[in-house]
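First comes the structure, then the notes that go with it.
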Amino acid sequence: MQSYGLNELRKKFLDFFKSKGHIVLPSFSLVPQDDKSLLLINSGMAPLKPYFTGDENPPNKRVATCQKCIRTPDIENVGKTSRHATFFEMLGNFSFGDYFKEEAIMWSWEFVTKVLALPIDKLWITVYLDDDEAFKIWHEIIGLPEDRIVRMGKEDNFWEIGVGPCGPCSEIFYDMGEHRGCGESDCKIGCDCDRFIEFWNLVFTQFNRDEEGNYHPLAHPNIDTGMGLERIAAIMQDVDSIFEVDTIRNIIDAVCDLVNIQYGQDVDKDVSLRVVADHIRATTFMISDGILPSNEGRGYVLRRVLRRAARHGKLLGIEYMFLKNLAQVVIEESHEAYPELLERRDYILNIIEIEEKRFNATLDQGLNILYEYIEKLNKESKKILDGEHAFRLYDTYGFPLDLTKEILQEHNMDVDEGGFNKFMQAQREMARLSREATDFKGKDDSLSKLIDANIHTEFIGYNTLKSKSKIITIIKDKSLFHRTTKGDDVLIILDKTPFYAESGGQVGDRGVIKGQNGSEILVDDTQIISDDKILHYGRVTKGDFEVGQIVEAIVHEESRMSIARNHTCTHLLHEALKRVLGSHVEQAGSLVSSDRLRFDFSHFSALTQDEILDIEKLVNHEIYKSLSVQVIETSMNEARKLGAVALFGERYGENVRVIKIGDFSRELCGGTHVSTTSEIGMFKIISENGIAAGIRRIEAYTGLNVYEYMNNLESILFDTSQILKSNVQEIPMRVQNLFNDLKETNVELDSLRRDIALSSIDDIIKEKGEINGVSYIAVEVDGQDMNNLRNLSDMVKDKLKTGVVVLASGNNDKVSLIASATKDVIARGIHCGNLIREIAKDVGGGGGGRPDMAQAGGKDISGIDSALEKVSIIIGDQLKD
């Protein structure tokens, strides 16, 4: 049996099914499109759901893909077994109402035995218990003996998810040999050991299950197959696990080189090596698809796998930032099949570096808090950390439960895993509800079900803003109507339209639909569903309309032109950002409307004023060049050769539209644009700010909106000059002089307050109290900031010689609290950090610190008295402990 590399196997599979009349589609993004039931794409068929349900028409009735997938339910088992992985690739061939069981089985057998040349005596087949048709094909047409075809029950060989399309399946297994088995005499297909490996599942979607549980034959049954690429590679390379497949083993070897160890020599280290290798693959691919680390949704999944990889690196002894180096190995291994990895290399590496650095910081914070918990448990003579505290470490600080357990065990303690799991389950439930798992369509799925699947709209708006069109559907109150009249809010579908539907960040067109005898619908938005049904949202303002009527559809010309200016300018801005800031810049979102443009992009610090000016200057320079804006319709491969930029989250077909702006910019785009850049007029950035870790947002104006913006600024400057009694040019100097005067006044006021406070030290000392032989002072000092309060606290403590000093001050609606203690009382149990944390609650704030000094802030001045009253009680409690 010949050994094939993983990349070679991927190509062989896709080439084989291409020869069988399948169109080969590139992998879809890991981010589901219009699918709220999924957080991340987890199977080959997941992004093809609209084709299986009939909501969208596939580009071909025969499709083959290699789909990148993420699954995390068993993340804790990754590295511990030979099978579990968070990231994997799924090979699949699909038929949408075309071929069925016989072709699917014959082609799978041909590929396995002829192309891959797997030995037939090593292959086993399972079929559904009652699927005599599949059994007959395997036995009579393929020629397998009956004892090599195993009938299995519904749990193993019938695919269904509640109500809807479903069907039996047939699986192909490979016998890895007795030496890989459990050694039991009854070891056979279905055993949990590693001897019989299922590597290809053929699903025959031939039924529709109704709400009563009845199965009805589908008029056009489908085929959905899935073969794990890493799994078949492990078989072809005759290795014990997917982690020893060539591309993944290369990552493991790279980790081994970092720590000077060998894989296969230490069980615990091998687990960590496998975790790091798997998780850096998942991390790299998720970031390449535009996912960013966060505390919710798919961003949380990314943060979890990245930090878990970093944590296992530390277990291996890696004390420096290393994940970026491993991501480069992933990119090198996979960029031929996934060119976006190479295109976004700088972006991927920057995001990984930022998140790893952040994790190192939070890890230190988490350790400090865990040690505080341990200290408290020791004082209370307890041995179990409660689940809520363990979950807080996990959720807030990214602190893995196994690390918490490991450190606790070093102190002869353990954690309440049951309590931890309850909090985890609550979090998962919240995530599930947020995904609205009952419906895979992100948009109003009721409309998709309402509209005939054969209805579609031809978009003709690239070349015209007017058309004679026929009304083919009228929807009112989520129901179909034949007729509508004045005052109705309606959705209109036309056979063809010049109205652009919201897509790719560009808002939908506005305009009017005119009928006979002056009837009119004012269209205020245009949307698209199922890829080819354009909905015109509007209100009937005159007359009435009916299905079949010929109307005139007219786009609001000024609005469309403003949108076009802003859209073309986003392309100029995108390229300018790359040239000024660096190649790591990637578009992370956009909004193109008639009044402004908004552009989100990857960058890791706020833009300086000089950078903003350089970007504005470059964009305006290209505008004034009056560059030609060309539309090139071509294949995806040719677009890549042209250097066209593809955007995160966008789904592209085989044929794409490239917008070429002179020699300055090339982007894939389906939006509307100006003919030359001079039509934009002018470009002005009005704001720049951060919206997420590593993501910045620019808002800008173009055209007449810039003129109006500048007029408004000029008016503000004029009003300001009137107030300051100076001309516009002198405003900066006049304001600086006022600021300097104010600063001097504040210095004098601070000095006066400090002198007053110092003169009151003796009065403060007179407020001394005593608890169990420990002196303490808890007083309010008027009008002091934190710096003055800190200095005063030190002087009072020095004069007190021994004890605790707590001072509070209300100043400008803010509360400052400070606590300090001498070494002798700390030895008796006094902890200023814990004390200040408790009393800060009374002033609506928080804080903390060391045993000898701590400070806090708050917003509620009225709570100062009650906060100070608590001091003696807390000191007493601390001395008891």
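Residue names in the structure tokens use chain letters A, B, ... in the order shown, residue numbers from 1 in each chain, and ligand numbers from 1 in the order shown.
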
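For A:Asn812, the list of residues within 12 Å, based on only C-alpha atoms and with local chain neighbours fewer than 6 positions off taken out, reads Asp782, Gly783, Gln784, Asp785, Gly858, Lys859, Asp860 and Ile861 of chain A.
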
Worksheet item: So which residues of stretch 22-209 of chain A fall under strand (DSSP E) by DSSP, listed as number ranges by chain?
Response: A: 23-25, 62-70, 87-96, 123-128, 149-152, 158-159, 164-175, 196-209

Counting only C-alpha atoms, which residues of stretch 240-295 of chain A fall within 9 Å of stretch 18-36 of chain A, and what is the closest atom pair for each with its distance in Å at one decimal, ordered by chain and rising number, as a tab-separated table?
```
residue	atom	partner	partner_atom	distance
A:Phe285	CA	A:Leu30	CA	8.1
A:Met286	CA	A:Leu30	CA	6.7
A:Asp289	CA	A:Ser29	CA	6.0
A:Gly290	CA	A:Val31	CA	8.3
A:Ile291	CA	A:Val31	CA	7.7
```

Discussion item. With only C-alpha atoms as the counted atoms, please give the residues lying no more than 6 Å from stretch 221-232 of chain A, apart from itself and same-chain residues fewer than 4 positions off, as a ChimeraX atom specification.
Written reply: /A:89-97,199-206,242

Counting only C-alpha atoms, which residues of stretch 190-278 of chain A sit at most 8 Å from some atom of stretch 175-182 of chain A, and what is each one's closest atom pair with its distance in Å to one decimal, listed by chain and rising residue number, as JSON lines?
```
{"residue": "A:Cys193", "atom": "CA", "partner": "A:Gly181", "partner_atom": "CA", "distance": 5.6}
{"residue": "A:Asp194", "atom": "CA", "partner": "A:Gly181", "partner_atom": "CA", "distance": 5.6}
{"residue": "A:Arg195", "atom": "CA", "partner": "A:Gly181", "partner_atom": "CA", "distance": 4.4}
{"residue": "A:Phe196", "atom": "CA", "partner": "A:Asp175", "partner_atom": "CA", "distance": 4.7}
{"residue": "A:Ile197", "atom": "CA", "partner": "A:Asp175", "partner_atom": "CA", "distance": 6.5}
{"residue": "A:Ile235", "atom": "CA", "partner": "A:Met176", "partner_atom": "CA", "distance": 7.7}
```

Written file, previous selection with C-alpha atoms, as an mmCIF file, in the first residue's frame:
```
data_model
loop_
_atom_site.group_PDB
_atom_site.id
_atom_site.type_symbol
_atom_site.label_atom_id
_atom_site.label_comp_id
_atom_site.auth_asym_id
_atom_site.auth_seq_id
_atom_site.Cartn_x
_atom_site.Cartn_y
_atom_site.Cartn_z
ATOM 1 C CA CYS A 193 -10.839 0.110 20.460
ATOM 2 C CA ASP A 194 -8.589 1.402 17.671
ATOM 3 C CA ARG A 195 -8.624 -1.681 15.457
ATOM 4 C CA PHE A 196 -11.605 -0.951 13.170
ATOM 5 C CA ILE A 197 -11.527 2.668 12.022
ATOM 6 C CA ILE A 235 -4.546 4.875 7.393
#
```

Practice prompt. Would you list the contacts of stretch 110-122 of chain A as an MDAnalysis selection string, taking every protein, DNA or RNA residue within 6 Å and counting only C-alpha atoms, but skipping same-chain residues closer than 2 positions in sequence?
Written response: chainID A and resid 107:108 174:175

Since we have the selection now, will you write its residues out, keeping N, CA and C atoms, as a PDB file, in the first residue's frame?
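As a result, selection_19.pdb now contains:
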```
ATOM      1  N   TRP A 107     -18.629   4.742  -6.607  1.00  0.00           N
ATOM      2  CA  TRP A 107     -17.524   5.694  -6.687  1.00  0.00           C
ATOM      3  C   TRP A 107     -16.665   5.657  -5.430  1.00  0.00           C
ATOM      4  N   SER A 108     -17.304   5.485  -4.270  1.00  0.00           N
ATOM      5  CA  SER A 108     -16.513   5.413  -3.039  1.00  0.00           C
ATOM      6  C   SER A 108     -15.604   4.181  -3.084  1.00  0.00           C
ATOM      7  N   TYR A 174     -11.794   0.468   8.086  1.00  0.00           N
ATOM      8  CA  TYR A 174     -10.501  -0.147   7.760  1.00  0.00           C
ATOM      9  C   TYR A 174      -9.990  -0.888   8.983  1.00  0.00           C
ATOM     10  N   ASP A 175      -9.555  -2.128   8.764  1.00  0.00           N
ATOM     11  CA  ASP A 175      -9.021  -2.951   9.847  1.00  0.00           C
ATOM     12  C   ASP A 175      -7.529  -2.632  10.011  1.00  0.00           C
TER      13      ASP A 175
END
```

Discussion item. What's the separation between atom CA of A:Gly876 and atom CA of A:Leu817, in Å to one decimal place?
Written reply: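 Separating atom CA of A:Gly876 from atom CA of A:Leu817 is a distance of 19.5 Å.
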
Worksheet item: Pick from A:Gln527, A:Ser479, A:Asn637, A:Ser562: nearest to A:Asn705, with only C-alpha atoms counted?
Response: A:Ser562

May I have a table of the residues of stretch 293-351 of chain A lying at most 12 Å from stretch 2-7 of chain A, giving each one's closest pair of atoms and their distance in Å to one decimal, counting only C-alpha atoms, ordered by chain and ascending residue number, as a Markdown table?
```
| residue | atom | partner | partner_atom | distance |
| --- | --- | --- | --- | --- |
| A:Glu332 | CA | A:Asn7 | CA | 11.7 |
| A:Glu333 | CA | A:Asn7 | CA | 8.4 |
| A:Ser334 | CA | A:Asn7 | CA | 7.6 |
| A:His335 | CA | A:Asn7 | CA | 10.1 |
| A:Glu336 | CA | A:Asn7 | CA | 8.5 |
| A:Ala337 | CA | A:Asn7 | CA | 7.6 |
| A:Tyr338 | CA | A:Asn7 | CA | 10.8 |
```

Practice prompt. Write down as a list in words the residues belonging to stretch 193-250 of chain A that are assigned alpha helix (DSSP H) by DSSP computed on the backbone.
Written response: Leu229, Glu230, Arg231, Ile232, Ala233, Ala234, Ile235, Met236, Asp246, Thr247, Ile248, Arg249 and Asn250 of chain A

Selected residues written out with C-alpha atoms, as a PDB file, in the first residue's frame:
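The new file again39.pdb reads:
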```pdb
ATOM      1  CA  LEU A 229      -8.911  13.780   5.685  1.00  0.00           C
ATOM      2  CA  GLU A 230      -6.630  13.310   8.682  1.00  0.00           C
ATOM      3  CA  ARG A 231      -8.170   9.905   9.378  1.00  0.00           C
ATOM      4  CA  ILE A 232      -7.675   8.529   5.863  1.00  0.00           C
ATOM      5  CA  ALA A 233      -4.155  10.012   5.897  1.00  0.00           C
ATOM      6  CA  ALA A 234      -3.393   8.075   9.103  1.00  0.00           C
ATOM      7  CA  ILE A 235      -4.546   4.875   7.393  1.00  0.00           C
ATOM      8  CA  MET A 236      -2.546   5.537   4.219  1.00  0.00           C
ATOM      9  CA  ASP A 246       2.853  14.151   8.066  1.00  0.00           C
ATOM     10  CA  THR A 247       1.524  17.728   8.284  1.00  0.00           C
ATOM     11  CA  ILE A 248       0.532  17.473  11.961  1.00  0.00           C
ATOM     12  CA  ARG A 249       3.698  15.571  12.906  1.00  0.00           C
ATOM     13  CA  ASN A 250       5.713  18.423  11.387  1.00  0.00           C
TER      14      ASN A 250
END
```

Worksheet entry | Residue with smallest distance to A:Gly297 - pool A:Ile534, A:Leu39, A:Val259, A:Val645, counting only C-alpha atoms |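 The closest residue to A:Gly297 is A:Leu39.
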
Worksheet item: Which distance in Å separates atom CA of A:Gly548 and atom CA of A:Ser530, to one decimal?
Response: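 For atom CA of A:Gly548 relative to atom CA of A:Ser530, the distance reads 21.9 Å.
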
Discussion item. Taking 4 positions as the minimum chain separation for residues in the same chain, which residues sit within 12 Å of A:Ala361 when counting only C-alpha atoms? Answer as a list in words.
Written reply: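 Counting only the stated atoms, we get Arg307, Met321, Ile354, Glu355, Glu356, Lys357, Gln365, Gly366, Leu367, Asn368, Tyr397, Gly398 and Phe399 of chain A.
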
Discussion item. Calculated over only C-alpha atoms, which of the candidates A:Ile875, A:Lys136, A:Thr126, A:His603 has the smallest distance to A:Ile149?
Written reply: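 Using only C-alpha atoms, the shortest distance to A:Ile149 belongs to A:Thr126.
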
Nearby residues (only C-alpha atoms) at most 10 Å from A:Ile384, same-chain spacing under 2 positions excluded, as a PDB file with N, CA, C and O atoms, in the first residue's frame:
```pdb
ATOM      1  N   ILE A 374      -6.234  29.926  48.184  1.00  0.00           N
ATOM      2  CA  ILE A 374      -5.527  28.889  48.958  1.00  0.00           C
ATOM      3  C   ILE A 374      -5.239  29.385  50.374  1.00  0.00           C
ATOM      4  O   ILE A 374      -5.425  28.652  51.356  1.00  0.00           O
ATOM      5  N   LEU A 377      -8.443  29.248  52.308  1.00  0.00           N
ATOM      6  CA  LEU A 377      -8.807  27.870  52.639  1.00  0.00           C
ATOM      7  C   LEU A 377      -7.969  27.366  53.808  1.00  0.00           C
ATOM      8  O   LEU A 377      -8.474  26.674  54.695  1.00  0.00           O
ATOM      9  N   SER A 381      -9.208  26.102  57.446  1.00  0.00           N
ATOM     10  CA  SER A 381      -8.974  24.650  57.580  1.00  0.00           C
ATOM     11  C   SER A 381      -9.838  23.848  56.607  1.00  0.00           C
ATOM     12  O   SER A 381     -10.395  22.801  56.956  1.00  0.00           O
ATOM     13  N   LYS A 382      -9.941  24.337  55.382  1.00  0.00           N
ATOM     14  CA  LYS A 382     -10.717  23.654  54.350  1.00  0.00           C
ATOM     15  C   LYS A 382      -9.787  23.109  53.276  1.00  0.00           C
ATOM     16  O   LYS A 382      -8.666  23.598  53.090  1.00  0.00           O
ATOM     17  N   ASP A 386     -14.422  25.935  46.147  1.00  0.00           N
ATOM     18  CA  ASP A 386     -15.773  25.803  45.604  1.00  0.00           C
ATOM     19  C   ASP A 386     -15.780  26.065  44.089  1.00  0.00           C
ATOM     20  O   ASP A 386     -14.925  26.750  43.535  1.00  0.00           O
ATOM     21  N   GLY A 387     -16.783  25.484  43.431  1.00  0.00           N
ATOM     22  CA  GLY A 387     -16.879  25.533  41.970  1.00  0.00           C
ATOM     23  C   GLY A 387     -17.014  26.929  41.402  1.00  0.00           C
ATOM     24  O   GLY A 387     -16.517  27.216  40.303  1.00  0.00           O
ATOM     25  N   LEU A 408      -3.743  23.256  43.221  1.00  0.00           N
ATOM     26  CA  LEU A 408      -4.393  22.894  44.484  1.00  0.00           C
ATOM     27  C   LEU A 408      -3.807  21.606  45.042  1.00  0.00           C
ATOM     28  O   LEU A 408      -3.584  21.481  46.262  1.00  0.00           O
ATOM     29  N   ASN A 412      -2.180  19.972  48.717  1.00  0.00           N
ATOM     30  CA  ASN A 412      -3.058  18.932  49.303  1.00  0.00           C
ATOM     31  C   ASN A 412      -4.516  19.371  49.330  1.00  0.00           C
ATOM     32  O   ASN A 412      -5.236  19.138  50.299  1.00  0.00           O
ATOM     33  N   MET A 413      -4.940  20.049  48.256  1.00  0.00           N
ATOM     34  CA  MET A 413      -6.327  20.506  48.138  1.00  0.00           C
ATOM     35  C   MET A 413      -6.914  20.006  46.820  1.00  0.00           C
ATOM     36  O   MET A 413      -6.210  19.465  45.966  1.00  0.00           O
ATOM     37  N   ASP A 414      -8.210  20.205  46.682  1.00  0.00           N
ATOM     38  CA  ASP A 414      -8.886  19.812  45.435  1.00  0.00           C
ATOM     39  C   ASP A 414      -9.973  20.837  45.120  1.00  0.00           C
ATOM     40  O   ASP A 414     -10.163  21.800  45.872  1.00  0.00           O
ATOM     41  N   VAL A 415     -10.695  20.621  44.030  1.00  0.00           N
ATOM     42  CA  VAL A 415     -11.725  21.557  43.594  1.00  0.00           C
ATOM     43  C   VAL A 415     -13.068  20.839  43.490  1.00  0.00           C
ATOM     44  O   VAL A 415     -13.120  19.638  43.193  1.00  0.00           O
ATOM     45  N   ASP A 416     -14.123  21.564  43.738  1.00  0.00           N
ATOM     46  CA  ASP A 416     -15.485  21.034  43.578  1.00  0.00           C
ATOM     47  C   ASP A 416     -15.830  21.038  42.088  1.00  0.00           C
ATOM     48  O   ASP A 416     -16.367  22.013  41.560  1.00  0.00           O
ATOM     49  N   GLU A 417     -15.506  19.934  41.385  1.00  0.00           N
ATOM     50  CA  GLU A 417     -15.738  19.882  39.943  1.00  0.00           C
ATOM     51  C   GLU A 417     -17.219  19.897  39.601  1.00  0.00           C
ATOM     52  O   GLU A 417     -17.624  20.425  38.568  1.00  0.00           O
TER      53      GLU A 417
END
```

Worksheet entry | Shell of 12 Å around A:Phe423, only C-alpha atoms, local chain residues under 4 positions omitted, as a ChimeraX atom specification | /A:386-395,416-419,427-430
